[in-house]
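To start, the structure itself, in C-alpha cells.
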Amino acid sequence: MRDSIHREIKKIGGGLQRLAERVWQLSKRYPKSAGTFLILFLIWMFCLPRQLFDSPTSMVLEDRQGNLLGARIAADGQWRFPAPDSIPSKFAQALLAFEDRRFYYHPGVDPISLSRAFVQNLRSGRVVSGGSTLTMQVVRLSRDNPPRTIWQKLIEMMMATRLEAAYRKKSILKLYAANAPFGGNVVGLEAASWRYFGKAPHLLSWAEAAMLAVLPNSPALIHPGRNRAALVAKRNRLLQRLYDDGRIDALTLELALVEPLPEAPHPLPRLAPHLLDRAFAEFVATGRLQTSRVRTTVEVAMQQQLTEVLSRYQQLFRYNEIHNLAGLVVDVETGQVLAYVGNVIGSGAEHGEEVDVIKAPRSTGSILKPFLYGMMLHDGQLLPNALVPDVPTILSGYRPENYKQQFDGLVTARRALVRSLNVPFVHLLQNYGLEKFHFKLRQMGLSTINRPPLHYGLPLVLGGAEGTLWDITNAYACMSRQLVHYADLDSRYDLSDWRPLNYRMDVKPNLGKPSYLSKEPLAMGAAATWLTFEAMQEVERPNAEGEWEYFRSSRRVAWKTGTSFGFRDAWAVGVSPRYVVGIWVGNADGEGRPGLMGVLSAAPVLFDVFSRLPQENRWFPTPYDDMTKVSVCKESGYRNLAICPVDTIWAPRSGLKADACPYHQLVHLDPSRQWQVNSDCESPSRIIHEPWMVLPPLEEYYYKSLNPNFKPLPPLREDCLPVAGQIRLMQLIYPKQPTRIYVPTDLDGKPSRTVFAVAHRLPESTIYWHIDNEYIGQTRTFHSMELNPPVGKHLLTLVDERGNRLEQRFEIIVKGDKVTR
C-alpha cells in the first residue's frame with residue numbers, strides 16, 4: 001500500500017511538471033492563446049491560500065505521555081483541537097471506506113465518483129450525492145461551506161488538485177480529521193472522541209471509530225433523542241462494509257454492532273485546570289508558542305494522586321473554615337514539574353477555588369529559616385551547635401516572640417532550626433546582615449522579594465516578606481540538585497543547577513552537560529547545604545500536651561514548615577535527592593483561622609504525598625571535600641579557647657574562621673570554690689583559677705531553669721570589693737534598652753500597667769527600685785513589678801543590696817495620647 005501511495009504521489013508531481021512543459025509548448029505553437037494558458041496555469045498554481053485553515057483552536061494541555069489534562073474552548077465557542085500528529089488506524093480505515101475508497105489513487109478528483117453521482121442525481125431528479133473526494137471536502141471546509149453549485153464544485157475540483165500537489169495524502173487526512181464537523185460545537189476528531197466517548201482517539205473501538213467516520217456526513221444525527229436510529233443504521237452499514245473488505249473479523253463485527261451510541265456529551269478532563277490557565281496566559285495568549293497544544297512534564301498518575309490527597313484534606317479542613325490547598329511535586333534532577341495543583345476544585349467560587357495559589361505571593365512564615373542557617377554556615381559566621389540568644393528581645397522597636405512565648409536563654413543554632421524558634425533567628429539575621437540575606441534570597445530566585453531590604457527589616461526571616469510556592473519549592477530543589485551534583489563534578493559547582501522550574505516538555509533540561517563550573521557556589525556550598533538538610537530531618541512538632549516530639553516518617557525527608565502572622569498561611573516543603581514537594585494550606589482571601597499552622601496543617605499533607613512517591617534507596621552523599629574537622633567548645637559550640645572543654649565536629653571549611661567561645665572565662669575562687677575572690681580579700685597563693693561558662697544575667701536567668709547541669713557563677717565573697725571588669729550581676733529583661741512604651745487604655749479609661757522585669761545572677765538578692773530617683777519598692781527572688789508611670793520620659797534605677805547599680809531610660813506613651821512622638 002505504502003509503495004503504491006508513493007508511486008501515485010510521484011505520478012502527480014511528474015504530471016504537474018509535464019503539464020507545465022505542455023503549457024509552454026502550446027504557448028509557442030499558439031502564441032495568441034499563450035496568455036490564456038498562462039493565466040489559467042497561474043490561477044491554478046496560486047489558488048490555495050497561504051494558510052488553509054485560520055479558525056481559532058482550543059488550548060489543549062497534555063501530560064508528558066500525551067494524555068489530555070484539560071482544554072479551553074476556542075475563541076469562537078467551538079471545541080476545535082489543534083491538528084493531530086497522526087490519525088488512528090481504525091478511524092482512517094473507517095473514514096476511507098465510507099467517504100473515499102480510492103483516496104490514495106486519485107489526484108484530488110475521482111472521475112468514477114463524479115460519474116456515479118451524476119447518474120444518481122439524474123435518476124433521483126435531485127442532488128443525492130456530490131461525488132466529492134476527501135480532498136474536495138477539505139477544500140470545502142476551508143472555504144466555510146459555500147453554497148452547493150456547479151461553479152463552486154468546479155472551484156473545489158481545481159483547488160483539490162492543487163492541494164494534492166502541495167500536500168501528502170496523510171497530511172490531507174489530518175486536515176480533514178482536525179476540521180470536520182461532528183455536531184454541535186464539536187469540530188475535529190480529537191475533540192469529538194473526548195466529548196462523545198471520554199477517551200483519546202487511539203483508544204476508540206471499531207464501533208466508535210465507525211460512528212465518528214459517518215458523523216461529519218450528517219452531524220445533526222448526534223443529538224440525543226433525535227435520529228438515533230438513522231445514525232445507528234449508518235454506522236452498522238459501515239461496519240458491515242469493513243467486514244466485507246476484510247478489515248475486521250466476524251467476532252469484531254458482532255461485538256461492534258451491539259455497542260450503544262453515546263448519550264450526553266462527556267465533560268473534558270480537568271486534571272490540571274490552574275496549570276491550563278497558566279500555560280494559556282504565559283505561552284498561548286502571548287504568542288510565545290505557535291501552537292495551542294502544550295505538552296507538559298506532568299505525570300498524569302502523580303497529578304491524580306496529588307489532587308486526591310489535597311481534596312481529601314480539604315474536606316477535613318473545611319470544618320475549620322480552611323478551604324484552599326495547593327501542592328507541587330518536582331523532579332530534582334531535571335527541575336521538571338511532575339504534579340501541579342494550584343487549588344482544590346470543589347471549595348467553591350465563593351472561596352476562591354479559581355485562584356492559582358502556586359504563583360500567588362503569600363507571607364512566608366518560617367520557611368526561609370533554613371536558607372539563613374545554611375548561608376551563615378557557608379560564610380563561617382556560624383557553627384551548627386553554637387549557642388544563640390533566646391531571650392526577650394527588642395531590636396529597633398521590633399519585638400520577636402517564639403510561638404510558645406517561652407525562652408531558653410541560649411539554644412544551639414541547629415536546635416533553633418529544628419524547633420523553628422523565632423527569637424534566635426532574628427539575632428542570627430542581625431549578625432549576618434539584612435542586606436546580604438536579602439541579596440542572596442534574590443539570587444536564589446525568590447522573585448517576589450522585590451523591595452529594598454529596609455522595607456522588610458529583621459522580620460524578613462520570620463515571614464515579613466511574601467513568596468510563592470513556585471519560587472520557594474524551586475529554591476529547595478536547586479539546593480538538592482547542587483548537593484547531588486557536587487561529588488560528580490569533582491567537588492565543583494554547576495551554576496546552571498540554579499534555574500527556574502519548568503513544566504513544558506519541549507524545554508529540555510541540560511542533563512550531564514554542565515554549562516559553567518565554578519569553585520564557588522551561588523548561595524551556599526555543599527557542606528552547608530548537607531548540614532542544613534541533616535538538621536531539617538529532625539524537625540519537631542508540638543504534641544497534644546504542648547511538649548516537643550519528633551515527627552517520625554517512614555522515609556528520609558528533609559522538611560520545613562512555616563506559619564504566617566495571623567495564621568493565614570501554612571507551608572511545608574520536603575526535600576529528598578529525587579523529589580521536592582511543596583504544600584500550602586489556607587484561605588485564598590487571606591482569612592486567618594485558629595490552628596492553621598504549617599506543622600499541624602501542611603506537614604501531614606506533605607508526608608501523605610511523599611508516601612505515594614516511589615521509594616528512594618539513597619540519601620545525599622556527605623560532601624567531605626567541602627568539610628573539615630573543627631575543634632569546638634563542647635559547651636558553647638563555638639571554636640574552643642584554651643580553657644574550653646574540647647569537642648570535634650565536621651563543619652564547612654569556612655568554619656575554621658568562626659568566632660571563638662565568648663562565654664568561657666577564668667574565674668578566681670577561694671579554696672572552697674563557693675566564692676569569687678580577688679587579691680584584695682584573699683592571698684594570691686590561695687586563689688584557685690578555674691575555667692567557667694559565664695552567661696549574661698538575662699540568658700542565665702532562662703538557661704539555668706532548663707539545664708540542670710549548668711553551674712551558676714559563685715557569688716563574690718562579702719569581704720571582697722568589686723574590681724574593674726567584674727562580671728555583671730544584673731540585666732534588664734524589660735525594658736532591655738532605651739525605648740518608647742506604648743500603653744493601651746483599659747475598659748475603665750485608665751492606662752494599663754507596664755510590667756518591668758530584671759534578671760539577677762543571685763536571685764535571692766534584694767533589689768531596690770527607683771523611678772526618677774524616687775523609691776517605689778523592692779523585690780526578692782522574683783524581680784518584676786507592675787508600674788504605672790505617667791506619660792513622659794523617665795529614668796529607672798535598680799540597686800541591689802551589694803550596691804550594684806543599673807539604670808535605664810524609657811518613655812511612656814498612652815495609645816491615643818497627643819504627646820509628640
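Just remember, in the C-alpha cells the first chain shown is A, the second B, etc., residues are 1-based per chain, and ligands are 1-based in the order shown.
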Do a neighbour search on Val743 of chain A at 12 Å with only C-alpha atoms, toss out local chain neighbours closer than 6 positions, and write the hits as a list in words.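 My reading of the contact set: Gly749, Lys750, Pro751, Ser752, Arg753, Thr754, Val755, Leu787, Asn788, Pro789, Pro790, Val791, Gly792, Glu811, Ile812, Ile813, Val814, Lys815, Gly816 and Asp817 of chain A.
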Could you take the residues named above and write them with N, CA and C atoms, as a PDB file, in the first residue's frame?
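Result written to selection34.pdb:
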ATOM      1  N   GLY A 749     -11.034  53.272  81.016  1.00  0.00           N
ATOM      2  CA  GLY A 749     -10.480  54.517  80.513  1.00  0.00           C
ATOM      3  C   GLY A 749      -9.134  54.878  81.081  1.00  0.00           C
ATOM      4  N   LYS A 750      -8.601  54.054  81.980  1.00  0.00           N
ATOM      5  CA  LYS A 750      -7.312  54.335  82.586  1.00  0.00           C
ATOM      6  C   LYS A 750      -6.201  53.568  81.849  1.00  0.00           C
ATOM      7  N   PRO A 751      -4.984  54.112  81.839  1.00  0.00           N
ATOM      8  CA  PRO A 751      -3.883  53.408  81.168  1.00  0.00           C
ATOM      9  C   PRO A 751      -3.558  52.085  81.869  1.00  0.00           C
ATOM     10  N   SER A 752      -3.192  51.069  81.081  1.00  0.00           N
ATOM     11  CA  SER A 752      -2.800  49.779  81.648  1.00  0.00           C
ATOM     12  C   SER A 752      -1.454  49.910  82.352  1.00  0.00           C
ATOM     13  N   ARG A 753      -1.196  48.930  83.222  1.00  0.00           N
ATOM     14  CA  ARG A 753       0.094  48.899  83.900  1.00  0.00           C
ATOM     15  C   ARG A 753       1.133  48.225  83.007  1.00  0.00           C
ATOM     16  N   THR A 754       2.389  48.584  83.204  1.00  0.00           N
ATOM     17  CA  THR A 754       3.501  48.014  82.450  1.00  0.00           C
ATOM     18  C   THR A 754       4.336  47.149  83.380  1.00  0.00           C
ATOM     19  N   VAL A 755       4.674  45.940  82.933  1.00  0.00           N
ATOM     20  CA  VAL A 755       5.468  45.021  83.743  1.00  0.00           C
ATOM     21  C   VAL A 755       6.948  45.265  83.446  1.00  0.00           C
ATOM     22  N   LEU A 787       4.064  48.602  87.113  1.00  0.00           N
ATOM     23  CA  LEU A 787       4.144  50.028  87.416  1.00  0.00           C
ATOM     24  C   LEU A 787       3.269  50.806  86.449  1.00  0.00           C
ATOM     25  N   ASN A 788       2.909  51.997  86.855  1.00  0.00           N
ATOM     26  CA  ASN A 788       2.065  52.850  86.033  1.00  0.00           C
ATOM     27  C   ASN A 788       2.632  54.268  86.013  1.00  0.00           C
ATOM     28  N   PRO A 789       3.814  54.455  85.415  1.00  0.00           N
ATOM     29  CA  PRO A 789       4.403  55.792  85.377  1.00  0.00           C
ATOM     30  C   PRO A 789       3.546  56.714  84.510  1.00  0.00           C
ATOM     31  N   PRO A 790       3.558  57.986  84.766  1.00  0.00           N
ATOM     32  CA  PRO A 790       2.795  58.928  83.942  1.00  0.00           C
ATOM     33  C   PRO A 790       3.423  59.079  82.558  1.00  0.00           C
ATOM     34  N   VAL A 791       2.643  59.681  81.663  1.00  0.00           N
ATOM     35  CA  VAL A 791       3.137  59.920  80.307  1.00  0.00           C
ATOM     36  C   VAL A 791       4.380  60.794  80.353  1.00  0.00           C
ATOM     37  N   GLY A 792       5.376  60.417  79.574  1.00  0.00           N
ATOM     38  CA  GLY A 792       6.592  61.207  79.507  1.00  0.00           C
ATOM     39  C   GLY A 792       7.842  60.357  79.647  1.00  0.00           C
ATOM     40  N   GLU A 811      10.302  55.903  77.841  1.00  0.00           N
ATOM     41  CA  GLU A 811       9.267  56.919  77.654  1.00  0.00           C
ATOM     42  C   GLU A 811       7.918  56.225  77.594  1.00  0.00           C
ATOM     43  N   ILE A 812       6.951  56.748  78.338  1.00  0.00           N
ATOM     44  CA  ILE A 812       5.591  56.206  78.343  1.00  0.00           C
ATOM     45  C   ILE A 812       4.729  57.028  77.388  1.00  0.00           C
ATOM     46  N   ILE A 813       4.053  56.317  76.474  1.00  0.00           N
ATOM     47  CA  ILE A 813       3.125  56.964  75.541  1.00  0.00           C
ATOM     48  C   ILE A 813       1.821  56.193  75.590  1.00  0.00           C
ATOM     49  N   VAL A 814       0.754  56.853  76.000  1.00  0.00           N
ATOM     50  CA  VAL A 814      -0.552  56.212  76.055  1.00  0.00           C
ATOM     51  C   VAL A 814      -1.160  56.226  74.668  1.00  0.00           C
ATOM     52  N   LYS A 815      -1.739  55.108  74.254  1.00  0.00           N
ATOM     53  CA  LYS A 815      -2.351  54.997  72.930  1.00  0.00           C
ATOM     54  C   LYS A 815      -3.432  56.066  72.776  1.00  0.00           C
ATOM     55  N   GLY A 816      -3.295  56.872  71.742  1.00  0.00           N
ATOM     56  CA  GLY A 816      -4.243  57.952  71.517  1.00  0.00           C
ATOM     57  C   GLY A 816      -3.785  59.259  72.140  1.00  0.00           C
ATOM     58  N   ASP A 817      -2.689  59.204  72.903  1.00  0.00           N
ATOM     59  CA  ASP A 817      -2.174  60.408  73.550  1.00  0.00           C
ATOM     60  C   ASP A 817      -1.584  61.347  72.518  1.00  0.00           C
TER      61      ASP A 817
END
Mind the document's chain letters and residue numbers, and return as a ChimeraX atom specification the residues of segment 662-768 of chain A that DSSP labels strand (DSSP E or B). /A:664-669,676,688-693,716,730-734,739-743,745,751,754-760,766-768
Let's have the selection written as a CSV table (one decimal), in the first residue's frame, with N, CA and C atoms.
chain,number,residue,atom,x,y,z
A,664,HIS,N,33.3,31.3,78.0
A,664,HIS,CA,34.2,30.7,79.0
A,664,HIS,C,35.3,31.8,79.4
A,665,GLN,N,35.4,31.8,80.8
A,665,GLN,CA,36.3,32.8,81.4
A,665,GLN,C,37.1,32.1,82.5
A,666,LEU,N,38.2,32.6,82.9
A,666,LEU,CA,38.9,32.1,84.1
A,666,LEU,C,38.4,32.9,85.2
A,667,VAL,N,37.8,32.3,86.2
A,667,VAL,CA,37.3,32.9,87.4
A,667,VAL,C,38.2,32.6,88.6
A,668,HIS,N,38.2,33.5,89.6
A,668,HIS,CA,39.1,33.3,90.7
A,668,HIS,C,38.2,33.0,91.9
A,669,LEU,N,38.5,31.8,92.5
A,669,LEU,CA,37.7,31.2,93.6
A,669,LEU,C,38.6,31.0,94.8
A,676,GLN,N,33.6,33.8,94.8
A,676,GLN,CA,34.6,34.5,94.0
A,676,GLN,C,35.4,35.4,94.9
A,688,ILE,N,42.2,30.0,93.5
A,688,ILE,CA,42.1,28.9,92.5
A,688,ILE,C,41.5,29.5,91.3
A,689,HIS,N,42.3,29.4,90.2
A,689,HIS,CA,41.8,29.9,88.9
A,689,HIS,C,41.2,28.7,88.1
A,690,GLU,N,39.9,28.9,87.8
A,690,GLU,CA,39.1,27.8,87.2
A,690,GLU,C,38.3,28.3,86.0
A,691,PRO,N,38.4,27.5,84.9
A,691,PRO,CA,37.5,27.9,83.7
A,691,PRO,C,36.1,27.8,84.1
A,692,TRP,N,35.3,28.7,83.6
A,692,TRP,CA,33.8,28.7,84.0
A,692,TRP,C,33.0,29.3,82.8
A,693,MET,N,31.9,28.6,82.5
A,693,MET,CA,31.0,29.1,81.5
A,693,MET,C,30.1,30.2,82.1
A,716,LEU,N,30.3,36.8,94.7
A,716,LEU,CA,31.5,37.4,95.2
A,716,LEU,C,31.4,37.4,96.7
A,730,MET,N,23.4,42.1,87.2
A,730,MET,CA,22.0,42.4,86.9
A,730,MET,C,21.9,42.7,85.4
A,731,GLN,N,20.8,42.3,84.8
A,731,GLN,CA,20.5,42.7,83.4
A,731,GLN,C,19.0,42.8,83.3
A,732,LEU,N,18.5,43.9,82.7
A,732,LEU,CA,17.1,44.2,82.5
A,732,LEU,C,16.5,43.2,81.5
A,733,ILE,N,15.3,42.7,81.8
A,733,ILE,CA,14.6,41.9,80.8
A,733,ILE,C,13.7,42.8,80.0
A,734,TYR,N,13.0,43.8,80.8
A,734,TYR,CA,12.2,44.8,80.1
A,734,TYR,C,12.1,46.0,80.9
A,739,THR,N,13.7,52.9,75.2
A,739,THR,CA,12.6,52.6,74.3
A,739,THR,C,11.4,53.4,74.7
A,740,ARG,N,10.5,53.4,73.7
A,740,ARG,CA,9.2,54.0,74.0
A,740,ARG,C,8.2,52.9,74.3
A,741,ILE,N,7.4,53.1,75.3
A,741,ILE,CA,6.5,52.0,75.7
A,741,ILE,C,5.1,52.6,75.4
A,742,TYR,N,4.4,51.9,74.5
A,742,TYR,CA,3.0,52.3,74.1
A,742,TYR,C,2.1,51.6,75.1
A,743,VAL,N,1.3,52.3,75.9
A,743,VAL,CA,0.5,51.7,76.9
A,743,VAL,C,-1.0,51.8,76.4
A,745,THR,N,-5.2,51.6,76.7
A,745,THR,CA,-6.2,52.0,77.7
A,745,THR,C,-7.1,50.9,78.0
A,751,PRO,N,-5.0,54.1,81.8
A,751,PRO,CA,-3.9,53.4,81.2
A,751,PRO,C,-3.6,52.1,81.9
A,754,THR,N,2.4,48.6,83.2
A,754,THR,CA,3.5,48.0,82.5
A,754,THR,C,4.3,47.1,83.4
A,755,VAL,N,4.7,45.9,82.9
A,755,VAL,CA,5.5,45.0,83.7
A,755,VAL,C,6.9,45.3,83.4
A,756,PHE,N,7.7,45.7,84.5
A,756,PHE,CA,9.1,45.8,84.4
A,756,PHE,C,9.8,44.6,85.0
A,757,ALA,N,10.9,44.1,84.4
A,757,ALA,CA,11.5,42.9,84.9
A,757,ALA,C,13.0,42.9,84.8
A,758,VAL,N,13.7,42.3,85.7
A,758,VAL,CA,15.2,42.3,85.7
A,758,VAL,C,15.6,40.9,86.1
A,759,ALA,N,16.8,40.5,85.6
A,759,ALA,CA,17.4,39.2,86.0
A,759,ALA,C,18.6,39.5,86.8
A,760,HIS,N,18.8,38.8,87.9
A,760,HIS,CA,19.9,38.9,88.8
A,760,HIS,C,20.6,37.6,88.9
A,766,THR,N,18.2,41.2,97.2
A,766,THR,CA,17.2,42.2,97.2
A,766,THR,C,17.5,43.4,96.3
A,767,ILE,N,16.6,43.8,95.5
A,767,ILE,CA,16.8,44.9,94.5
A,767,ILE,C,15.8,46.0,94.9
A,768,TYR,N,16.3,47.2,95.0
A,768,TYR,CA,15.6,48.4,95.3
A,768,TYR,C,15.3,49.2,94.0
Can you list, as a PyMOL selection string, every residue of segment 165-394 of chain A that DSSP puts in alpha helix (DSSP H)? chain A and resi 165-166+169-179+189-197+206-214+228-244+250-257+273-279+300-317+369-379
Take atom CA of Ala642 of chain A and atom CA of Lys657 of chain A and report the distance between them in Å, one decimal.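 These atoms are spaced 16.1 Å apart.
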Do you know which residues are at most 12 Å from Ile172 of chain A counting only C-alpha atoms, after dropping those on the same chain fewer than 5 positions away, and could you put them as a ChimeraX atom specification? /A:52,83-84,86-87,92,103-104,107-108,133-139,142,160-167,177-180
Could you write out the selected residues, including C-alpha atoms, as a PDB file, in the first residue's frame?
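Listed below is the output, part_9.pdb:
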ATOM      1  CA  LEU A  52      -5.714  26.745   4.588  1.00  0.00           C
ATOM      2  CA  ALA A  83      -4.295  19.309  14.181  1.00  0.00           C
ATOM      3  CA  PRO A  84      -3.038  15.942  15.492  1.00  0.00           C
ATOM      4  CA  SER A  86      -1.277  11.225  13.384  1.00  0.00           C
ATOM      5  CA  ILE A  87      -4.635   9.638  12.623  1.00  0.00           C
ATOM      6  CA  ALA A  92      -8.666   6.227   8.948  1.00  0.00           C
ATOM      7  CA  PHE A 103      -8.348   8.225  -1.801  1.00  0.00           C
ATOM      8  CA  TYR A 104      -4.793   7.002  -2.331  1.00  0.00           C
ATOM      9  CA  PRO A 107      -5.187  13.337  -7.739  1.00  0.00           C
ATOM     10  CA  GLY A 108      -7.877  15.087  -5.722  1.00  0.00           C
ATOM     11  CA  THR A 133     -13.415  13.217  -2.569  1.00  0.00           C
ATOM     12  CA  LEU A 134     -11.973  13.743   0.901  1.00  0.00           C
ATOM     13  CA  THR A 135      -9.602  16.277  -0.642  1.00  0.00           C
ATOM     14  CA  MET A 136     -12.524  18.223  -2.092  1.00  0.00           C
ATOM     15  CA  GLN A 137     -14.245  18.105   1.304  1.00  0.00           C
ATOM     16  CA  VAL A 138     -11.132  19.566   2.931  1.00  0.00           C
ATOM     17  CA  VAL A 139     -11.235  22.395   0.404  1.00  0.00           C
ATOM     18  CA  SER A 142     -11.531  25.563   4.409  1.00  0.00           C
ATOM     19  CA  ALA A 160      -8.353  19.882  -4.694  1.00  0.00           C
ATOM     20  CA  THR A 161      -5.873  19.031  -7.461  1.00  0.00           C
ATOM     21  CA  ARG A 162      -3.643  21.854  -6.290  1.00  0.00           C
ATOM     22  CA  LEU A 163      -3.945  20.626  -2.679  1.00  0.00           C
ATOM     23  CA  GLU A 164      -2.886  17.139  -3.770  1.00  0.00           C
ATOM     24  CA  ALA A 165       0.152  18.649  -5.474  1.00  0.00           C
ATOM     25  CA  ALA A 166       1.169  20.556  -2.345  1.00  0.00           C
ATOM     26  CA  TYR A 167       0.345  18.093   0.472  1.00  0.00           C
ATOM     27  CA  ALA A 177      -9.745  14.948  10.870  1.00  0.00           C
ATOM     28  CA  ALA A 178      -8.912  18.271  12.544  1.00  0.00           C
ATOM     29  CA  ASN A 179     -11.606  20.379  10.863  1.00  0.00           C
ATOM     30  CA  ALA A 180     -14.589  18.124  10.080  1.00  0.00           C
TER      31      ALA A 180
END
If you count only C-alpha atoms, which residues fall within 9 Å of Tyr456 of chain A, apart from same-chain ones fewer than 5 positions away, as JSON, numbers by chain? {"A": [434, 451, 464, 465]}
For the selection you just gave me, I'd like the residues written to a file as a PDB file, in the first residue's frame, keeping N, CA and C atoms.
ATOM      1  N   LEU A 434      21.161  42.088  57.164  1.00  0.00           N
ATOM      2  CA  LEU A 434      19.895  42.076  56.435  1.00  0.00           C
ATOM      3  C   LEU A 434      20.107  42.235  54.933  1.00  0.00           C
ATOM      4  N   ARG A 451      11.395  44.468  47.108  1.00  0.00           N
ATOM      5  CA  ARG A 451      11.518  45.786  47.726  1.00  0.00           C
ATOM      6  C   ARG A 451      12.869  45.904  48.432  1.00  0.00           C
ATOM      7  N   GLY A 464       8.133  38.257  57.118  1.00  0.00           N
ATOM      8  CA  GLY A 464       7.892  39.659  56.806  1.00  0.00           C
ATOM      9  C   GLY A 464       7.888  39.959  55.330  1.00  0.00           C
ATOM     10  N   ALA A 465       8.160  38.949  54.502  1.00  0.00           N
ATOM     11  CA  ALA A 465       8.122  39.111  53.047  1.00  0.00           C
ATOM     12  C   ALA A 465       7.142  38.101  52.468  1.00  0.00           C
TER      13      ALA A 465
END
